[in-house]
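Engineer: Just so it is clear, I am handing over my_file-v1.txt, which has compact mmCIF, C-alpha atoms.
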# COMPACT_ATOMS: atom_id res chain seq x y z
CA MET A 678 -10.93 -4.50 9.92
CA VAL A 679 -11.58 -0.88 8.90
CA ILE A 680 -12.79 -0.96 5.31
CA ASP A 681 -15.92 -2.50 3.82
CA ARG A 682 -14.52 -5.69 2.27
CA LEU A 683 -17.39 -5.97 -0.22
CA GLN A 684 -16.84 -2.45 -1.52
CA ALA A 685 -13.12 -3.10 -1.87
CA PHE A 686 -13.72 -6.47 -3.56
CA LEU A 687 -16.00 -4.84 -6.15
CA GLY A 688 -13.49 -2.06 -6.79
CA LEU A 689 -15.62 0.66 -5.20
CA PRO A 690 -14.13 3.51 -3.17
CA VAL A 691 -14.50 3.45 0.60
CA LYS A 692 -15.50 6.46 2.65
CA PHE A 693 -13.14 8.18 5.04
CA ASN A 694 -14.51 11.29 6.74
CA ASP A 695 -17.08 11.47 3.91
CA ILE A 696 -14.30 11.46 1.27
CA ASP A 697 -13.95 8.65 -1.27
CA ILE A 698 -10.64 6.78 -1.00
CA HIS A 699 -9.71 4.49 -3.87
CA SER A 700 -7.63 1.38 -4.14
CA PRO A 701 -5.90 2.36 -7.39
CA ARG A 702 -6.41 0.35 -10.54
CA LEU A 703 -3.36 -1.36 -11.97
CA ILE A 704 -3.58 0.75 -15.12
CA ASP A 705 -3.43 3.92 -12.99
CA ILE A 706 -0.37 2.59 -11.17
CA ALA A 707 1.28 1.69 -14.48
CA ASN A 708 0.62 5.21 -15.80
CA ILE A 709 2.66 6.80 -13.01
CA SER A 710 5.03 3.78 -12.59
CA TYR A 711 5.01 1.27 -9.76
CA MET A 712 7.86 3.08 -8.01
CA GLU A 713 5.95 6.36 -7.94
CA TYR A 714 2.97 4.48 -6.51
CA LEU A 715 5.13 3.06 -3.70
CA ILE A 716 6.43 6.52 -2.86
CA LYS A 717 2.94 8.03 -2.81
CA LEU A 718 1.71 5.17 -0.64
CA GLN A 719 4.60 5.67 1.76
CA PHE A 720 3.72 9.34 2.23
CA CYS A 721 0.10 8.37 2.94
CA LEU A 722 1.18 6.05 5.76
CA PHE A 723 2.56 8.98 7.80
CA ASN A 724 5.47 6.99 9.20
CA LYS A 725 8.13 9.59 10.02
CA GLU A 726 10.75 6.95 10.75
CA LYS A 727 10.27 5.27 7.38
CA ILE A 728 10.06 8.53 5.45
CA LEU A 729 12.84 10.48 7.14
CA LEU A 730 15.35 7.69 7.78
CA ASP A 731 14.74 5.35 4.87
CA LEU A 732 13.49 7.70 2.19
CA PHE A 733 15.32 10.94 2.98
CA GLN A 734 18.20 9.45 4.96
CA ILE A 735 18.48 12.10 7.65
CA GLY A 736 21.12 11.48 10.28
CA GLU A 737 20.20 9.38 13.31
CA ASP A 738 21.22 12.17 15.69
CA GLU A 739 18.89 14.53 13.88
CA TYR A 740 16.09 11.97 13.97
CA LEU A 741 16.47 11.37 17.71
CA GLN A 742 15.58 15.01 18.32
CA ILE A 743 12.08 14.47 16.89
CA LYS A 744 11.70 10.75 17.67
CA ASP A 745 9.05 11.27 20.36
CA THR A 746 7.11 13.93 18.44
CA SER A 747 3.88 12.96 16.71
CA ASP A 748 4.43 11.61 13.20
CA PHE A 749 1.73 13.95 11.92
CA ASP A 750 3.33 17.03 13.52
CA VAL A 751 6.77 16.19 12.17
CA LEU A 752 5.62 15.41 8.63
CA THR A 753 3.48 18.53 8.33
CA ASP A 754 6.10 20.89 9.72
CA HIS A 755 7.94 21.39 6.42
CA PRO A 756 6.26 22.94 3.33
CA GLN A 757 7.94 20.47 0.98
CA LEU A 758 6.72 17.49 2.97
CA GLN A 759 3.24 19.02 3.08
CA ALA A 760 3.32 19.21 -0.71
CA TYR A 761 4.50 15.61 -1.14
CA ILE A 762 1.81 14.28 1.19
CA SER A 763 -0.90 16.40 -0.44
CA ASP A 764 0.10 15.10 -3.87
CA ALA A 765 0.08 11.51 -2.60
CA LEU A 766 -3.33 11.90 -0.98
CA SER A 767 -4.68 13.41 -4.20
CA PHE A 768 -3.76 10.25 -6.08
CA PHE A 769 -5.78 8.00 -3.78
CA ALA A 770 -8.69 10.45 -3.33
CA LYS A 771 -8.82 11.31 -7.06
CA ASP A 772 -9.29 14.93 -6.04
CA SER A 773 -7.06 17.86 -5.19
CA VAL A 774 -5.82 17.80 -1.60
CA VAL A 775 -4.20 20.82 0.04
CA PHE A 776 -2.71 21.38 3.48
CA ASP A 777 -4.29 24.18 5.51
CA SER A 778 -1.72 25.63 7.91
CA LYS A 779 -4.34 27.41 10.02
CA SER A 780 -6.30 24.25 10.89
CA GLN A 781 -3.25 21.99 10.53
CA SER A 782 -5.23 19.61 8.35
CA PHE A 783 -5.45 18.31 4.81
CA LYS A 784 -8.56 19.50 2.96
CA ILE A 785 -10.51 18.70 -0.20
CA ASN A 786 -12.67 21.49 -1.62
CA GLY A 787 -12.45 23.31 1.70
CA LEU A 788 -13.63 20.31 3.71
CA GLU A 789 -11.35 18.92 6.40
CA PHE A 790 -10.12 15.48 5.40
CA ILE A 791 -7.20 14.35 7.57
CA ASN A 792 -5.94 15.86 10.79
CA LYS A 793 -3.91 14.91 13.83
CA ASN A 794 -6.94 13.29 15.47
CA ASN A 795 -7.89 10.90 12.67
CA TYR A 796 -4.72 10.22 10.69
CA ILE A 797 -4.06 6.94 12.53
CA HIS A 798 -7.46 5.66 11.40
CA PHE A 799 -6.65 6.81 7.86
CA ILE A 800 -3.40 4.83 7.92
CA SER A 801 -5.34 1.67 8.75
CA THR A 802 -7.69 2.32 5.85
CA MET A 803 -4.79 2.82 3.44
CA LYS A 804 -3.04 -0.33 4.59
CA GLU A 805 -6.13 -2.45 3.98
CA LEU A 806 -6.95 -0.90 0.60
CA ASN A 807 -3.38 -1.47 -0.59
CA ALA A 808 -2.79 -4.85 1.07
CA VAL A 809 0.06 -3.52 3.21
CA SER A 810 1.10 -5.69 6.15
CA ASP A 811 2.70 -4.21 9.24
CA GLU A 812 5.77 -6.35 8.57
CA SER A 813 6.30 -4.64 5.22
CA THR A 814 6.63 -1.22 6.82
CA GLY A 815 9.89 -1.97 8.63
CA VAL A 816 12.74 0.46 8.21
CA LYS A 817 16.46 0.09 7.88
CA LYS A 818 18.14 3.00 9.58
CA LYS A 819 20.70 5.03 7.67
CA THR A 820 23.31 7.48 8.85
CA ALA A 821 23.88 9.56 5.71
CA LYS A 822 23.33 13.32 5.91
CA ALA A 823 20.07 14.70 4.55
CA LYS A 824 20.08 16.11 1.02
CA LEU A 825 17.46 17.80 -1.12
CA PHE A 826 14.07 16.08 -1.02
CA GLN A 827 14.03 15.22 -4.73
CA ASP A 828 17.52 13.74 -4.51
CA ARG A 829 16.33 11.48 -1.69
CA ILE A 830 13.37 10.25 -3.72
CA ASP A 831 15.66 9.47 -6.64
CA PHE A 832 17.88 7.50 -4.27
CA PHE A 833 14.88 5.59 -2.94
CA LYS A 834 13.94 4.57 -6.47
CA LYS A 835 17.41 3.16 -7.11
CA LYS A 836 17.54 1.43 -3.71
CA THR A 837 14.31 -0.45 -4.34
CA GLN A 838 15.21 -1.84 -7.75
CA LYS A 839 13.64 -5.21 -8.52
CA LYS A 840 15.30 -8.43 -7.41
CA GLU A 841 15.30 -11.53 -9.55
CA ASP A 842 13.88 -13.70 -6.76
CA THR A 843 11.01 -11.33 -5.97
CA LEU A 844 7.57 -11.87 -7.45
CA GLU A 845 6.64 -8.53 -8.99
CA ILE A 846 3.18 -7.18 -9.70
CA LYS A 847 3.71 -7.93 -13.38
CA ASP A 848 4.30 -11.60 -12.52
CA ILE A 849 1.23 -11.76 -10.28
CA LEU A 850 -0.89 -10.30 -13.07
CA SER A 851 0.57 -12.77 -15.55
CA ILE A 852 -0.31 -15.65 -13.22
CA LEU A 853 -3.87 -14.37 -12.84
CA CYS A 854 -4.18 -14.07 -16.62
CA SER A 855 -2.98 -17.67 -17.03
CA ALA A 856 -5.33 -19.13 -14.42
CA ASN A 857 -8.32 -20.99 -15.84
CA GLY A 858 -11.89 -19.85 -15.50
CA ASN A 859 -11.52 -16.49 -13.73
CA GLY A 860 -12.20 -14.31 -16.78
CA ILE A 861 -9.02 -12.31 -16.25
CA ASP A 862 -6.85 -11.73 -19.31
CA ILE A 863 -4.21 -9.32 -20.54
CA PHE A 864 -6.91 -7.04 -22.00
CA ASN A 865 -8.84 -6.46 -18.76
CA VAL A 866 -6.38 -7.18 -15.96
CA GLY A 867 -5.39 -3.51 -15.78
CA ASN A 868 -8.89 -2.68 -14.56
CA LEU A 869 -8.31 -4.59 -11.33
CA THR A 870 -7.54 -2.51 -8.27
CA ILE A 871 -4.44 -3.29 -6.24
CA TYR A 872 -6.74 -4.73 -3.55
CA GLN A 873 -8.56 -6.97 -6.06
CA MET A 874 -5.27 -8.21 -7.47
CA TYR A 875 -3.89 -9.32 -4.12
CA GLU A 876 -7.24 -10.76 -2.99
CA GLN A 877 -7.62 -12.83 -6.14
CA PHE A 878 -4.01 -13.98 -5.97
CA GLU A 879 -4.52 -15.08 -2.36
CA ARG A 880 -7.65 -17.04 -3.35
CA LEU A 881 -5.85 -18.58 -6.32
CA ASN A 882 -3.03 -19.81 -4.08
CA ILE A 883 -5.51 -21.42 -1.68
CA LYS A 884 -7.38 -23.09 -4.54
CA GLU A 885 -4.13 -24.23 -6.18
CA SER A 886 -3.03 -25.97 -2.99
CA PHE A 887 -6.36 -27.79 -2.86
CA ASP A 888 -6.23 -28.84 -6.54
CA ARG A 889 -2.68 -30.20 -6.21
CA LEU A 890 -3.44 -32.29 -3.13
CA LEU A 891 -6.82 -33.58 -4.31
CA PRO A 892 -5.49 -36.35 -6.62
CA VAL A 893 -2.91 -37.33 -3.99
CA TRP A 894 -5.68 -37.64 -1.40
CA ALA A 895 -7.99 -39.48 -3.84
CA ASN A 896 -5.30 -42.10 -4.49
CA GLY A 897 -4.81 -42.69 -0.79
CA HIS A 898 -1.29 -41.29 -0.61
CA LEU A 899 -1.97 -38.95 2.31
CA SER A 900 -1.57 -40.12 5.88
CA GLY A 901 -4.76 -40.85 7.76
CA ASP A 902 -4.69 -37.68 9.85
CA THR A 903 -3.89 -35.40 6.91
CA LYS A 904 -6.79 -33.29 5.68
CA LEU A 905 -7.28 -31.51 2.41
CA PRO A 906 -6.78 -27.75 2.73
CA GLU A 907 -10.16 -25.99 2.63
CA TRP A 908 -10.40 -23.40 -0.14
CA ILE A 909 -13.97 -22.26 0.55
CA LYS A 910 -13.01 -19.99 3.44
CA ARG A 911 -12.43 -16.38 4.35
CA THR A 912 -9.41 -14.66 2.79
CA LYS A 913 -7.11 -12.50 4.84
CA LEU A 914 -7.96 -9.51 2.66
Could you take the file, read its structure, and then write that structure out as structure tokens?
Structural biologist:
Amino acid sequence: MVIDRLQAFLGLPVKFNDIDIHSPRLIDIANISYMEYLIKLQFCLFNKEKILLDLFQIGEDEYLQIKDTSDFDVLTDHPQLQAYISDALSFFAKDSVVFDSKSQSFKINGLEFINKNNYIHFISTMKELNAVSDESTGVKKKTAKAKLFQDRIDFFKKKTQKKEDTLEIKDILSILCSANGNGIDIFNVGNLTIYQMYEQFERLNIKESFDRLLPVWANGHLSGDTKLPEWIKRTKL
């Protein structure tokens, strides 16, 4: 656990190297589009395999040449990638981030923010603030030749189109708005951060399991060794 869970639960920014990092509000994500948010988040996770193979589709032979090089070194070696990462970091820091070639670090107002020595710790912070599991960062390797960066981002958007059997953020928000007694409705749900949304949805699922089994248990329809699921417990987030 890297972040302060109480700060994240209350929607407050968490500190990283004395810089405020925000779990974005749903309304901020909606303003740039969910797909743009995913792309920005991906750049902030500094995973060269995911970015270069899955997002930009460079050839596997080309990737093997830099496979053993530090993710940070590879992703800060190209001016266009530096610009994409700086823009992504600016979204989550709510401040202008620039890459300084001399110090090989990302800076805010002249202060060093992320460098080769601390970027792994930053990745952990971002994953927790955005409820990203390690399993969700897997990559499917491609063999297509690399094209222009913007073309690759456009391709990524098309490749990750919604699936009918996938619960989207809109559906999660709708479920939270329909749940009784939590004070969340369509008029204020956009003020939740992405962390708060997933945390509340996790708690709702735990409580829903309890509520569904309670009348079954009360009527004696559960086997003797079956216990009610406990809902007053620690969440994963």
Engineer: Would you please work out which residue, of A:Cys721, A:Ile735, A:Ile883, A:Ile800, is nearest to Ala760 in chain A when using only C-alpha atoms?
Structural biologist: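 That would be A:Cys721, the residue with the smallest distance to Ala760 in chain A.
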Engineer: For range 842-861 of chain A, I'd like the enclosing box, axis-aligned and padded by 8 Å on every side, reported as lines of an AutoDock Vina configuration file with centre and edge lengths in Å to one decimal.
Structural biologist:
center_x = 0.8
center_y = -14.1
center_z = -11.5
size_x = 42.1
size_y = 29.8
size_z = 27.1
Engineer: Counting only C-alpha atoms, what is within 9 Å of range 848-855 of chain A, bar same-chain residues fewer than 4 positions away, as a PDB file with C-alpha atoms, in the frame of the given file?
Structural biologist:
ATOM      1  CA  LEU A 844       7.570 -11.870  -7.450  1.00  0.00           C
ATOM      2  CA  ASN A 859     -11.520 -16.490 -13.730  1.00  0.00           C
ATOM      3  CA  GLY A 860     -12.200 -14.310 -16.780  1.00  0.00           C
ATOM      4  CA  ILE A 861      -9.020 -12.310 -16.250  1.00  0.00           C
ATOM      5  CA  ASP A 862      -6.850 -11.730 -19.310  1.00  0.00           C
ATOM      6  CA  ILE A 863      -4.210  -9.320 -20.540  1.00  0.00           C
ATOM      7  CA  VAL A 866      -6.380  -7.180 -15.960  1.00  0.00           C
ATOM      8  CA  GLY A 867      -5.390  -3.510 -15.780  1.00  0.00           C
ATOM      9  CA  MET A 874      -5.270  -8.210  -7.470  1.00  0.00           C
ATOM     10  CA  TYR A 875      -3.890  -9.320  -4.120  1.00  0.00           C
ATOM     11  CA  GLN A 877      -7.620 -12.830  -6.140  1.00  0.00           C
ATOM     12  CA  PHE A 878      -4.010 -13.980  -5.970  1.00  0.00           C
ATOM     13  CA  LEU A 881      -5.850 -18.580  -6.320  1.00  0.00           C
TER      14      LEU A 881
END
Engineer: For Ala685 in chain A, which residue out of A:Ile698, A:Ile706, A:Met712, A:Leu752 is the nearest one, using only C-alpha atoms?
Structural biologist: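 Going through A:Ile698, A:Ile706, A:Met712, A:Leu752 one by one, the smallest distance to Ala685 in chain A is for A:Ile698.
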Engineer: Could you please determine the separation between CA of Asn807 in chain A and CA of Ser700 in chain A in Å, to one decimal place?
Structural biologist: 6.2 Å
Engineer: Kindly indicate which residue among A:Ser886, A:His699, A:Trp908, A:Tyr872 lies nearest to Glu805 in chain A, using all atoms listed in the file for the distances.
Structural biologist: A:Tyr872
Engineer: Could you give me, as an NGL selection string, the residues within 12 Å of Ser780 in chain A, counting all atoms listed in the file and dropping anything in the same chain fewer than 6 positions from it?
Structural biologist: :A and (753 or 787-794)
Engineer: So which one's closest to Lys910 in chain A, A:Lys779, A:Ile716, A:Gln734, A:Glu879? Using all atoms listed in the file, please.
Structural biologist: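 Using all atoms listed in the file, the shortest distance to Lys910 in chain A belongs to A:Glu879.
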Engineer: Please report the interatomic distance between CA of Lys804 in chain A and CA of Asn694 in chain A in Å with one decimal.
Structural biologist: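 According to the coordinates, CA of Lys804 in chain A and CA of Asn694 in chain A are separated by 16.5 Å.
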Engineer: Given the point (-3.2, 1.3, -4.6) in the file's coordinates, find the residues that have an atom at most 9 Å from it, counting all atoms listed in the file, and give them as a list of chain:residue names.
Structural biologist: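 It turns out the residues near that spot are A:His699, A:Ser700, A:Pro701, A:Arg702, A:Leu703, A:Asp705, A:Ile706, A:Tyr714, A:Leu715, A:Leu718, A:Phe769, A:Met803, A:Leu806, A:Asn807, A:Ala808, A:Thr870, A:Ile871, A:Tyr872.
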